[in-house]
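This is model.txt. It holds compact mmCIF, C-alpha atoms.
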```txt
# COMPACT_ATOMS: atom_id res chain seq x y z
CA MET A 27 159.45 96.26 74.56
CA GLN A 28 158.69 99.08 72.15
CA LYS A 29 156.70 101.87 73.79
CA LEU A 30 153.57 102.40 71.73
CA LYS A 31 151.82 105.70 71.16
CA ILE A 32 148.09 104.92 71.01
CA ALA A 33 145.20 107.19 70.06
CA VAL A 34 141.99 106.68 72.01
CA ILE A 35 138.87 108.10 70.39
CA GLY A 36 136.19 109.05 72.92
CA GLY A 37 136.46 110.29 76.51
CA GLY A 38 133.64 108.24 77.99
CA PRO A 39 134.04 105.18 80.26
CA GLY A 40 135.30 103.07 77.34
CA GLY A 41 138.00 105.52 76.29
CA LEU A 42 139.10 106.50 79.79
CA SER A 43 139.37 102.89 80.96
CA ALA A 44 141.28 102.03 77.79
CA ALA A 45 143.72 104.86 78.54
CA GLN A 46 144.19 103.49 82.05
CA PHE A 47 144.97 99.98 80.80
CA ILE A 48 147.34 101.40 78.16
CA LEU A 49 149.27 103.31 80.84
CA GLU A 50 149.37 100.25 83.09
CA ALA A 51 150.92 98.31 80.20
CA GLY A 52 153.69 100.91 79.93
CA HIS A 53 152.53 102.68 76.78
CA GLN A 54 151.36 106.21 75.91
CA ALA A 55 147.69 107.08 75.40
CA VAL A 56 146.25 110.25 73.89
CA VAL A 57 142.49 110.63 74.36
CA PHE A 58 140.49 112.65 71.81
CA GLU A 59 137.11 113.92 73.06
CA LYS A 60 134.90 116.11 70.85
CA ASP A 61 132.91 117.46 73.82
CA ASN A 62 134.15 119.97 76.39
CA ARG A 63 133.97 117.40 79.19
CA ILE A 64 134.84 113.76 79.80
CA GLY A 65 132.57 110.98 81.05
CA GLY A 66 130.33 110.38 78.05
CA LYS A 67 126.99 108.99 79.22
CA SER A 68 128.19 109.25 82.81
CA PHE A 69 126.80 112.70 83.45
CA SER A 70 125.96 114.26 86.82
CA PHE A 71 123.63 117.27 86.56
CA SER A 72 124.01 119.65 89.51
CA THR A 73 121.00 121.12 91.33
CA GLY A 74 122.11 123.10 94.35
CA ASP A 75 124.53 120.97 96.34
CA ALA A 76 123.18 117.67 94.96
CA PHE A 77 124.06 115.60 91.90
CA ASN A 78 121.39 114.01 89.74
CA GLU A 79 122.65 111.21 87.53
CA MET A 80 121.14 111.73 84.09
CA GLY A 81 123.00 108.81 82.49
CA THR A 82 125.01 106.16 84.34
CA CYS A 83 123.45 105.80 87.78
CA TYR A 84 124.53 102.76 89.80
CA THR A 85 127.07 99.99 90.31
CA THR A 86 126.35 96.28 90.72
CA ARG A 87 128.45 93.32 91.85
CA GLN A 88 129.87 93.29 88.34
CA HIS A 89 131.69 96.59 88.90
CA VAL A 90 134.74 95.07 90.58
CA ILE A 91 137.33 97.11 88.68
CA VAL A 92 135.30 100.32 88.78
CA LYS A 93 134.69 100.05 92.52
CA ARG A 94 138.42 99.59 93.07
CA TRP A 95 139.12 102.71 91.03
CA MET A 96 136.47 104.63 92.96
CA LYS A 97 138.06 103.66 96.27
CA GLN A 98 141.48 104.74 95.01
CA HIS A 99 140.12 108.18 94.07
CA GLY A 100 138.13 108.85 97.22
CA ILE A 101 134.68 108.20 95.76
CA HIS A 102 132.18 106.89 98.30
CA LEU A 103 129.20 104.67 97.49
CA ARG A 104 125.71 104.70 98.97
CA ARG A 105 123.24 101.87 98.62
CA LEU A 106 120.35 102.37 96.24
CA GLY A 107 116.99 102.43 97.98
CA GLU A 108 114.21 99.90 97.49
CA ALA A 109 113.15 99.17 93.91
CA ARG A 110 109.48 98.52 93.15
CA TYR A 111 107.60 97.48 90.04
CA ASP A 112 103.95 98.38 89.66
CA ASP A 113 104.18 99.51 93.29
CA ALA A 114 105.28 96.07 94.53
CA PRO A 115 108.76 94.83 95.46
CA VAL A 116 110.45 93.62 92.29
CA VAL A 117 110.97 90.14 93.72
CA ASP A 118 107.29 89.83 94.60
CA TYR A 119 106.32 90.88 91.10
CA VAL A 120 108.66 88.30 89.55
CA LYS A 121 107.40 85.53 91.84
CA LYS A 122 103.92 85.93 90.37
CA GLY A 123 105.13 84.06 87.31
CA ALA A 124 104.15 80.42 86.87
CA GLY A 125 106.35 77.36 87.23
CA PRO A 126 109.02 76.28 89.71
CA PRO A 127 110.33 78.59 92.47
CA LEU A 128 112.26 81.70 91.44
CA ALA A 129 115.58 80.32 92.72
CA VAL A 130 115.20 77.22 90.53
CA GLN A 131 114.36 79.25 87.43
CA ALA A 132 117.14 81.74 88.13
CA LEU A 133 119.74 78.99 88.42
CA LYS A 134 118.53 77.44 85.16
CA PHE A 135 118.75 80.84 83.47
CA VAL A 136 122.29 81.43 84.74
CA ALA A 137 123.40 77.97 83.57
CA GLU A 138 121.81 78.26 80.12
CA ALA A 139 122.98 81.85 79.63
CA GLY A 140 126.52 80.86 80.58
CA ARG A 141 126.42 77.92 78.18
CA LEU A 142 125.24 80.12 75.30
CA ARG A 143 127.80 82.81 76.15
CA ARG A 144 130.59 80.21 76.01
CA ARG A 145 129.29 78.77 72.74
CA ILE A 146 129.22 82.24 71.15
CA ALA A 147 132.84 82.77 72.24
CA GLU A 148 134.03 79.32 71.13
CA ALA A 149 131.98 78.66 67.99
CA PRO A 150 130.34 81.91 66.85
CA SER A 151 129.79 80.62 63.30
CA GLU A 152 128.18 77.30 64.17
CA PRO A 153 124.62 77.22 62.71
CA ALA A 154 122.99 76.01 65.92
CA VAL A 155 124.70 78.77 67.88
CA LEU A 156 123.64 81.40 65.37
CA ALA A 157 120.04 80.20 65.43
CA GLU A 158 119.85 80.26 69.22
CA ALA A 159 121.70 83.54 69.66
CA SER A 160 119.36 85.32 67.24
CA MET A 161 116.23 84.36 69.21
CA THR A 162 114.47 87.15 71.07
CA VAL A 163 114.77 87.10 74.85
CA ASP A 164 111.12 86.25 75.47
CA ALA A 165 111.12 83.45 72.86
CA TRP A 166 114.27 81.92 74.39
CA LEU A 167 112.82 82.08 77.91
CA ALA A 168 109.57 80.52 76.69
CA ARG A 169 111.52 77.67 75.10
CA LEU A 170 113.23 77.02 78.43
CA ASP A 171 109.93 77.38 80.32
CA LEU A 172 111.14 80.23 82.56
CA PRO A 173 108.02 82.42 83.04
CA LYS A 174 109.32 84.07 86.22
CA LEU A 175 112.50 85.13 84.43
CA ASP A 176 110.35 86.44 81.58
CA LEU A 177 108.68 88.81 84.06
CA ALA A 178 112.12 89.76 85.41
CA MET A 179 113.39 90.59 81.92
CA HIS A 180 110.41 92.81 81.21
CA ARG A 181 111.63 94.80 84.22
CA ILE A 182 115.41 94.53 83.74
CA LEU A 183 115.63 95.41 80.05
CA PRO A 184 113.33 98.33 79.13
CA ALA A 185 113.25 100.10 82.50
CA GLN A 186 117.00 100.60 82.17
CA GLY A 187 116.93 101.49 78.49
CA TYR A 188 118.12 98.10 77.20
CA GLY A 189 115.33 97.44 74.71
CA TYR A 190 112.27 95.17 74.86
CA ALA A 191 112.32 91.44 75.61
CA GLN A 192 110.22 90.94 72.48
CA GLU A 193 112.88 92.57 70.29
CA VAL A 194 116.35 92.16 71.85
CA THR A 195 118.28 88.99 71.01
CA ILE A 196 119.29 86.58 73.72
CA GLY A 197 122.78 86.48 72.19
CA GLN A 198 123.27 90.13 73.07
CA THR A 199 121.62 89.85 76.48
CA VAL A 200 123.74 86.98 77.79
CA GLN A 201 126.87 89.02 77.15
CA TRP A 202 126.09 91.21 80.19
CA CYS A 203 123.18 89.69 82.16
CA ASP A 204 124.89 87.18 84.45
CA PHE A 205 124.70 85.79 87.99
CA ASP A 206 126.29 88.87 89.59
CA LEU A 207 123.76 91.20 88.01
CA LEU A 208 120.77 89.01 88.97
CA ILE A 209 122.00 88.71 92.55
CA SER A 210 122.52 92.47 92.71
CA GLY A 211 118.91 92.95 91.69
CA VAL A 212 117.44 90.30 94.01
CA LEU A 213 119.43 91.52 97.03
CA ASN A 214 119.13 95.17 96.01
CA ASP A 215 122.93 95.27 96.17
CA MET A 216 123.32 98.34 93.98
CA HIS A 217 125.14 101.54 94.87
CA MET A 218 125.56 105.07 93.56
CA PRO A 219 128.62 107.34 93.94
CA VAL A 220 128.02 110.04 96.54
CA GLU A 221 130.27 112.51 94.75
CA GLY A 222 128.71 111.71 91.36
CA TRP A 223 129.86 109.82 88.28
CA SER A 224 131.18 112.97 86.60
CA GLU A 225 133.40 113.72 89.59
CA PHE A 226 134.70 110.15 89.58
CA TRP A 227 135.81 110.27 85.96
CA LYS A 228 137.30 113.74 86.51
CA ARG A 229 139.49 112.46 89.36
CA PHE A 230 140.24 109.23 87.53
CA ALA A 231 141.58 110.99 84.42
CA THR A 232 143.83 113.59 86.03
CA ARG A 233 147.04 111.98 84.76
CA PHE A 234 145.82 111.27 81.25
CA ASP A 235 146.71 113.20 78.08
CA ILE A 236 143.20 114.32 77.08
CA ARG A 237 142.38 116.64 74.18
CA LEU A 238 138.97 118.20 74.86
CA GLU A 239 136.89 119.74 72.08
CA ALA A 240 139.11 117.80 69.71
CA GLY A 241 136.79 116.93 66.87
CA ILE A 242 138.47 114.45 64.53
CA GLU A 243 138.28 115.27 60.84
CA GLN A 244 139.84 112.14 59.42
CA ILE A 245 141.58 108.91 60.39
CA GLU A 246 144.14 107.53 57.95
CA ARG A 247 144.86 103.86 58.66
CA ARG A 248 147.92 102.19 57.26
CA ASP A 249 149.53 98.78 57.74
CA ASN A 250 152.01 100.04 60.34
CA SER A 251 150.51 103.27 61.71
CA VAL A 252 147.42 105.43 62.15
CA VAL A 253 147.27 109.17 61.45
CA VAL A 254 144.65 111.25 63.23
CA VAL A 255 143.70 114.59 61.67
CA SER A 256 142.26 116.97 64.25
CA GLY A 257 142.12 120.76 64.39
CA GLY A 258 143.93 120.97 61.09
CA GLY A 259 146.94 119.07 62.49
CA ARG A 260 148.15 115.55 61.77
CA GLU A 261 149.48 113.19 64.43
CA ARG A 262 150.91 109.72 63.92
CA PHE A 263 150.16 106.81 66.24
CA ASP A 264 151.17 103.16 66.42
CA ALA A 265 147.60 102.00 67.02
CA LEU A 266 144.08 103.23 67.65
CA VAL A 267 141.32 102.37 70.12
CA SER A 268 137.90 103.62 69.03
CA THR A 269 134.91 103.76 71.36
CA LEU A 270 132.69 105.53 68.82
CA PRO A 271 129.48 104.06 67.43
CA MET A 272 130.38 102.51 64.08
CA ASP A 273 128.28 104.99 62.10
CA GLU A 274 130.32 107.85 63.59
CA PHE A 275 133.58 105.98 63.00
CA ALA A 276 132.55 105.44 59.36
CA ARG A 277 132.49 109.21 58.79
CA LEU A 278 136.18 109.39 59.64
CA THR A 279 137.69 106.52 57.69
CA ASN A 280 136.99 103.74 55.19
CA LEU A 281 135.52 100.68 56.84
CA LEU A 282 136.89 97.17 56.56
CA PRO A 283 134.40 94.36 55.72
CA ALA A 284 133.96 93.27 59.36
CA GLU A 285 133.42 96.87 60.44
CA GLN A 286 130.81 97.36 57.71
CA ALA A 287 128.99 94.24 58.93
CA ILE A 288 128.84 95.77 62.41
CA LEU A 289 127.56 99.06 61.02
CA ASP A 290 124.79 97.21 59.17
CA GLY A 291 124.01 94.92 62.10
CA VAL A 292 123.49 97.45 64.90
CA GLU A 293 120.53 99.76 65.38
CA TRP A 294 121.07 102.48 67.97
CA GLN A 295 118.20 103.47 70.23
CA ASN A 296 117.51 106.83 71.87
CA TYR A 297 116.80 107.14 75.58
CA THR A 298 115.70 110.33 77.31
CA THR A 299 116.13 111.07 81.01
CA THR A 300 114.17 113.95 82.51
CA LEU A 301 114.57 115.62 85.90
CA VAL A 302 111.26 116.82 87.38
CA SER A 303 110.07 118.08 90.75
CA SER A 304 106.86 117.03 92.52
CA LYS A 305 105.29 117.46 95.95
CA ASN A 306 103.11 114.34 95.89
CA TRP A 307 105.07 111.56 94.19
CA PHE A 308 106.52 108.51 95.98
CA THR A 309 108.80 108.95 99.01
CA GLY A 310 109.23 105.35 100.23
CA ALA A 311 111.00 103.28 97.61
CA GLN A 312 113.69 104.98 95.53
CA VAL A 313 113.06 103.32 92.16
CA HIS A 314 109.83 102.46 90.37
CA GLY A 315 109.25 100.58 87.12
CA TYR A 316 106.00 100.49 85.15
CA SER A 317 104.88 97.34 83.32
CA ARG A 318 102.44 99.28 81.13
CA ALA A 319 105.39 100.72 79.19
CA CYS A 320 107.99 98.02 79.83
CA LYS A 321 105.89 95.18 78.39
CA ASN A 322 104.48 96.99 75.37
CA PRO A 323 106.84 98.04 72.54
CA SER A 324 104.00 99.91 70.84
CA LEU A 325 104.04 102.49 73.64
CA ARG A 326 107.27 104.17 72.51
CA GLY A 327 107.88 107.24 74.60
CA ALA A 328 105.88 106.03 77.60
CA MET A 329 107.52 106.39 81.01
CA LEU A 330 109.51 103.22 81.72
CA GLY A 331 110.75 104.02 85.21
CA SER A 332 111.48 106.74 87.72
CA ARG A 333 114.03 107.30 90.49
CA ARG A 334 113.66 109.52 93.54
CA GLU A 335 116.62 111.78 94.21
CA GLY A 336 117.69 112.91 97.66
CA GLU A 337 117.28 116.66 97.39
CA VAL A 338 114.21 118.61 98.55
CA MET A 339 113.62 121.94 96.81
CA GLU A 340 112.89 125.22 98.60
CA ASP A 341 109.18 124.88 97.79
CA GLY A 342 109.09 121.44 99.43
CA ALA A 343 109.07 119.49 96.15
CA ARG A 344 111.29 116.46 95.66
CA LEU A 345 113.33 115.60 92.58
CA TYR A 346 112.76 112.58 90.34
CA VAL A 347 114.55 111.26 87.25
CA THR A 348 112.43 109.50 84.63
CA GLY A 349 113.31 107.39 81.57
CA GLN A 350 111.70 107.06 78.12
CA PHE A 351 112.60 105.43 74.82
CA SER A 352 112.59 108.37 72.44
CA ASN A 353 113.34 107.20 68.89
CA GLY A 354 111.40 109.31 66.39
CA LEU A 355 109.86 111.60 69.01
CA THR A 356 110.47 115.33 69.40
CA PRO A 357 111.21 116.91 72.80
CA PRO A 358 107.72 118.48 73.00
CA GLU A 359 106.12 115.12 72.20
CA LEU A 360 108.20 113.35 74.84
CA ARG A 361 107.34 115.95 77.42
CA GLU A 362 103.63 115.68 76.68
CA ILE A 363 103.71 111.88 76.97
CA LEU A 364 105.74 112.03 80.18
CA LEU A 365 103.45 114.52 81.90
CA SER A 366 100.42 112.49 80.83
CA ASP A 367 101.91 109.28 82.26
CA ILE A 368 102.78 110.97 85.54
CA GLU A 369 99.30 112.50 85.76
CA ARG A 370 97.83 109.01 85.21
CA LEU A 371 99.48 108.04 88.51
CA GLY A 372 97.69 110.88 90.28
CA VAL A 373 100.89 112.90 90.57
CA THR A 374 101.39 116.61 89.88
CA VAL A 375 104.65 117.84 88.36
CA GLU A 376 105.77 121.21 89.68
CA THR A 377 108.65 121.80 87.25
CA VAL A 378 110.40 120.03 84.38
CA ILE A 379 113.97 121.01 85.25
CA TYR A 380 116.18 119.31 82.67
CA ALA A 381 115.99 116.67 79.94
CA ARG A 382 118.79 114.85 78.15
CA THR A 383 118.44 112.53 75.15
CA TRP A 384 121.19 109.97 74.68
CA LYS A 385 122.19 107.87 71.72
CA TYR A 386 121.77 104.80 73.85
CA PHE A 387 121.83 101.00 73.56
CA PRO A 388 123.18 99.59 70.28
CA GLN A 389 120.59 96.89 69.64
CA TYR A 390 121.86 93.95 67.56
CA ARG A 391 119.54 93.12 64.67
CA ALA A 392 118.31 89.53 64.92
CA GLU A 393 119.07 88.86 61.26
CA ALA A 394 122.60 90.22 61.72
CA VAL A 395 123.20 87.93 64.71
CA ALA A 396 121.98 84.99 62.60
CA ASP A 397 124.38 86.05 59.82
CA GLY A 398 127.43 86.07 62.11
CA LEU A 399 127.58 89.49 63.80
CA PHE A 400 129.59 88.10 66.72
CA THR A 401 132.19 86.74 64.31
CA ALA A 402 132.44 90.16 62.66
CA MET A 403 132.98 91.78 66.06
CA ARG A 404 135.85 89.41 66.73
CA GLU A 405 137.39 89.90 63.29
CA ALA A 406 137.18 93.69 63.56
CA GLN A 407 139.63 93.78 66.46
CA GLY A 408 143.09 94.68 65.18
CA GLY A 409 142.25 95.38 61.54
CA LYS A 410 144.39 98.24 60.22
CA ARG A 411 145.88 98.59 63.71
CA THR A 412 142.46 99.48 65.13
CA TRP A 413 140.83 98.04 68.22
CA PHE A 414 137.32 98.74 69.50
CA SER A 415 135.62 99.22 72.85
CA GLY A 416 132.48 101.06 73.97
CA ALA A 417 128.85 100.03 74.18
CA THR A 418 128.65 98.45 70.70
CA PHE A 419 131.21 95.81 71.59
CA SER A 420 130.06 95.27 75.18
CA HIS A 421 126.96 96.94 76.63
CA GLU A 422 125.83 100.19 78.22
CA LEU A 423 126.80 98.88 81.66
CA VAL A 424 130.06 100.55 82.66
CA SER A 425 131.34 97.26 84.08
CA SER A 426 130.95 95.62 80.65
CA VAL A 427 132.54 98.57 78.84
CA VAL A 428 135.54 98.52 81.17
CA GLU A 429 136.03 94.78 80.73
CA ARG A 430 135.87 95.17 76.94
CA SER A 431 138.51 97.91 77.10
CA ARG A 432 140.72 95.68 79.22
CA GLN A 433 140.49 92.84 76.71
CA SER A 434 140.99 95.11 73.69
CA VAL A 435 144.08 96.77 75.16
CA ARG A 436 145.55 93.43 76.17
CA ASP A 437 145.10 92.15 72.62
CA LEU A 438 146.49 95.37 71.17
CA VAL A 439 149.66 95.20 73.25
CA GLN A 440 150.23 91.56 72.35
CA ARG A 441 149.74 92.04 68.61
CA ALA A 442 151.10 95.53 68.00
CA GLY A 443 153.90 95.69 70.54
```

Please re-express this file's structure in structure tokens.
Amino acid sequence: MQKLKIAVIGGGPGGLSAAQFILEAGHQAVVFEKDNRIGGKSFSFSTGDAFNEMGTCYTTRQHVIVKRWMKQHGIHLRRLGEARYDDAPVVDYVKKGAGPPLAVQALKFVAEAGRLRRRIAEAPSEPAVLAEASMTVDAWLARLDLPKLDLAMHRILPAQGYGYAQEVTIGQTVQWCDFDLLISGVLNDMHMPVEGWSEFWKRFATRFDIRLEAGIEQIERRDNSVVVVSGGGRERFDALVSTLPMDEFARLTNLLPAEQAILDGVEWQNYTTTLVSSKNWFTGAQVHGYSRACKNPSLRGAMLGSRREGEVMEDGARLYVTGQFSNGLTPPELREILLSDIERLGVTVETVIYARTWKYFPQYRAEAVADGLFTAMREAQGGKRTWFSGATFSHELVSSVVERSRQSVRDLVQRAG
């Protein structure tokens, strides 16, 4: 078998996992990362001896591959504390919905979501599939008469930065929201790395060829090779794996028709995480979600959720990480909204320590899904010796990104080798 030299664009979870799968297949990977660190949206911010996860925060039952890698690299996991919604256990909040028992509705959701996921994979251009996949999450759940799951989705989606149930398509949601994720939420079977996500990716990537601060100026794609221009130099590769958002990829090369359809069909959101300290916020549960913001898309910028961190400051204050959708809002505006929302809870913020805004969650436009976006995503793989991974082609969940990288590399090796 010919040994391939493959360029991987992006040093986040998508690019690093792709490099791992490339090495396992016996080929060479070179990772280009424009930043001065790896990990992408997995970012652990250090305060004293503690790590505060400002991006990726937990693992679920879906993270089979990632958990195996963590074990191999000496990363330990601790269980996430209790999650509450409007100051009630999440399960109790969801059970307030009408209709049959939660278990019955959950099983129906899993069955119908699995059916739609299979239909999208098998017949992505079929009119009935396109029509169903382009429905919003809340409209689809209403059609199936699943009011308890509707309440669950108003918690699961926005509180984690995955859009609003009134706006996100069910076709996108079923790609990642499956039985393992629901069970993880119901049983609170979620864990966080003790040593931090940044440390995990640092240990994981020690044997990779990674070019940090390697901004790419141009990508020249030919029928039998790819040339990457970076730092004024030119380097030839047999194939390329890109984990970039398509709008960023488009600045580096000419897009093929399927790639252009993806560019037009995806609308990236912004999500801001802020680390604050307080002496009188919650100390029981570890995670809180707020329906006021999660159920109302008109309240852009409102606090969606908060997570208590383990560290206590010298002044006795505890640390908390909050989340806000932040499209179209300036940092001062976001801060003002956040402090107002926290004050509404009767809480006093001692210090705003750090804030980070992410280009987060590539939301599929409903009209693009109806026009065949999933077909375009399939057709884009392999064009001009280019394969894709990252959040656009999977989801923000690291488990989904890693699985997409695994599939893309497998297809690359079969077709380009």

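Of the listed residues A:Ile182, A:Ile146, A:Val424, A:Leu167, the one whose atoms come nearest to Val117 (chain A) is A:Ile182, with distances taken using all atoms listed in the file.
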
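With CA of Gly66 (chain A) on one side and CA of Ser304 (chain A) on the other, the separation reads 28.4 Å.
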
Go through region 121-205 of chain A and flag each residue having an atom no more than 10 Å from region 309-329 of chain A; for those, report the closest pair of atoms plus their distance in Å to one decimal, using all atoms listed in the file, ordered by chain and rising number, as a Markdown table.
```
| residue | atom | partner | partner_atom | distance |
| --- | --- | --- | --- | --- |
| A:Leu177 | CA | A:Lys321 | CA | 9.0 |
| A:Met179 | CA | A:Cys320 | CA | 9.4 |
| A:His180 | CA | A:Lys321 | CA | 5.8 |
| A:Arg181 | CA | A:Cys320 | CA | 6.5 |
| A:Ile182 | CA | A:Cys320 | CA | 9.1 |
| A:Leu183 | CA | A:Cys320 | CA | 8.1 |
| A:Pro184 | CA | A:Cys320 | CA | 5.4 |
| A:Ala185 | CA | A:Gly315 | CA | 6.1 |
| A:Gln186 | CA | A:Gly315 | CA | 9.2 |
| A:Gly187 | CA | A:Cys320 | CA | 9.7 |
| A:Gly189 | CA | A:Pro323 | CA | 8.8 |
| A:Tyr190 | CA | A:Pro323 | CA | 6.6 |
| A:Ala191 | CA | A:Lys321 | CA | 7.9 |
| A:Gln192 | CA | A:Pro323 | CA | 7.9 |
| A:Glu193 | CA | A:Pro323 | CA | 8.5 |
```

Mind writing the picked residues with C-alpha atoms as a PDB file, in the frame of the given file?
```pdb
ATOM      1  CA  LEU A 177     108.680  88.810  84.060  1.00  0.00           C
ATOM      2  CA  MET A 179     113.390  90.590  81.920  1.00  0.00           C
ATOM      3  CA  HIS A 180     110.410  92.810  81.210  1.00  0.00           C
ATOM      4  CA  ARG A 181     111.630  94.800  84.220  1.00  0.00           C
ATOM      5  CA  ILE A 182     115.410  94.530  83.740  1.00  0.00           C
ATOM      6  CA  LEU A 183     115.630  95.410  80.050  1.00  0.00           C
ATOM      7  CA  PRO A 184     113.330  98.330  79.130  1.00  0.00           C
ATOM      8  CA  ALA A 185     113.250 100.100  82.500  1.00  0.00           C
ATOM      9  CA  GLN A 186     117.000 100.600  82.170  1.00  0.00           C
ATOM     10  CA  GLY A 187     116.930 101.490  78.490  1.00  0.00           C
ATOM     11  CA  GLY A 189     115.330  97.440  74.710  1.00  0.00           C
ATOM     12  CA  TYR A 190     112.270  95.170  74.860  1.00  0.00           C
ATOM     13  CA  ALA A 191     112.320  91.440  75.610  1.00  0.00           C
ATOM     14  CA  GLN A 192     110.220  90.940  72.480  1.00  0.00           C
ATOM     15  CA  GLU A 193     112.880  92.570  70.290  1.00  0.00           C
TER      16      GLU A 193
END
```

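Straight-line separation from CA of Tyr188 (chain A) to CA of Lys385 (chain A): 11.9 Å.
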
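You will find CA of Gly342 (chain A) at 24.2 Å from CA of Arg105 (chain A).
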
Next on the checklist: List the spatial neighbours of Asp215 (chain A) as a list in words - criterion: any atom at most 7 Å away, only C-alpha atoms, same-chain residues fewer than 4 positions off excluded.
Outcome noted: Thr86, Ser210 and Gly211 of chain A

Item to check | Test item: residues at most 6 Å from Glu59 (chain A), all atoms listed in the file, excluding those fewer than 2 positions along its chain, as a VMD selection string | outcome: chain A and resid 36 to 37 61 238 to 240

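Each of A:Leu175, A:Gly349, A:Arg143, A:Val252 was checked against Gln131 (chain A) using all atoms listed in the file; the smallest atom-to-atom distance is that of A:Leu175.
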
Checklist entry - Taking (139.4, 109.0, 60.8) in the file's coordinates, which residues come within 7 Å, counting only C-alpha atoms, written as an MDAnalysis selection string? => result chainID A and resid 242:246 254 275 278:279

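Compared by their closest atoms to His102 (chain A), and using all atoms listed in the file, the residues A:Glu158, A:Glu340, A:Glu285, A:Glu221 rank with A:Glu221 nearest.
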
Checklist entry - Which is closest to Asp397 (chain A) among A:Gly443, A:Gly41, A:Gly291, A:Gly65, if we use all atoms listed in the file? => result A:Gly291

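Proximity of A:Gln286, A:Gln28, A:Ser434, A:Ser224 to Arg63 (chain A), computed with all atoms listed in the file, is greatest for A:Ser224.
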
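Checking A:Ala157, A:Ala265, A:Ala284, A:Leu49 one by one against Ala406 (chain A), counting all atoms listed in the file, you find the shortest gap at A:Ala284.
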
Next on the checklist: Give me, as a ChimeraX atom specification, all polymer residues having an atom no more than 7 Å from Val347 (chain A), counting all atoms listed in the file and skipping those fewer than 3 positions away in the same chain.
Outcome noted: /A:299-302,332-334

Next on the checklist: Env of region 121-123 of chain A: 12 Å cut, atoms = all atoms listed in the file, seq-sep filter 6 positions within chain, self excluded. Answer as number ranges by chain.
Outcome noted: A: 114-115, 129-132, 171-180, 212

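Near Val220 (chain A), within a cut-off of 8 Å and counting only C-alpha atoms, sit the residues Ile101, His102, Leu103 and Arg104 of chain A, with same-chain residues fewer than 4 positions away left out.
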
How big is the axis-aligned box, and where does its centre sit, when it encloses all atoms of region 400-414 of chain A listed in the file and has 5 Å added on every side, reported in Å to one decimal as JSON?
```
{"center_x": 137.7, "center_y": 93.1, "center_z": 64.9, "size_x": 26.3, "size_y": 22.7, "size_z": 19.3}
```
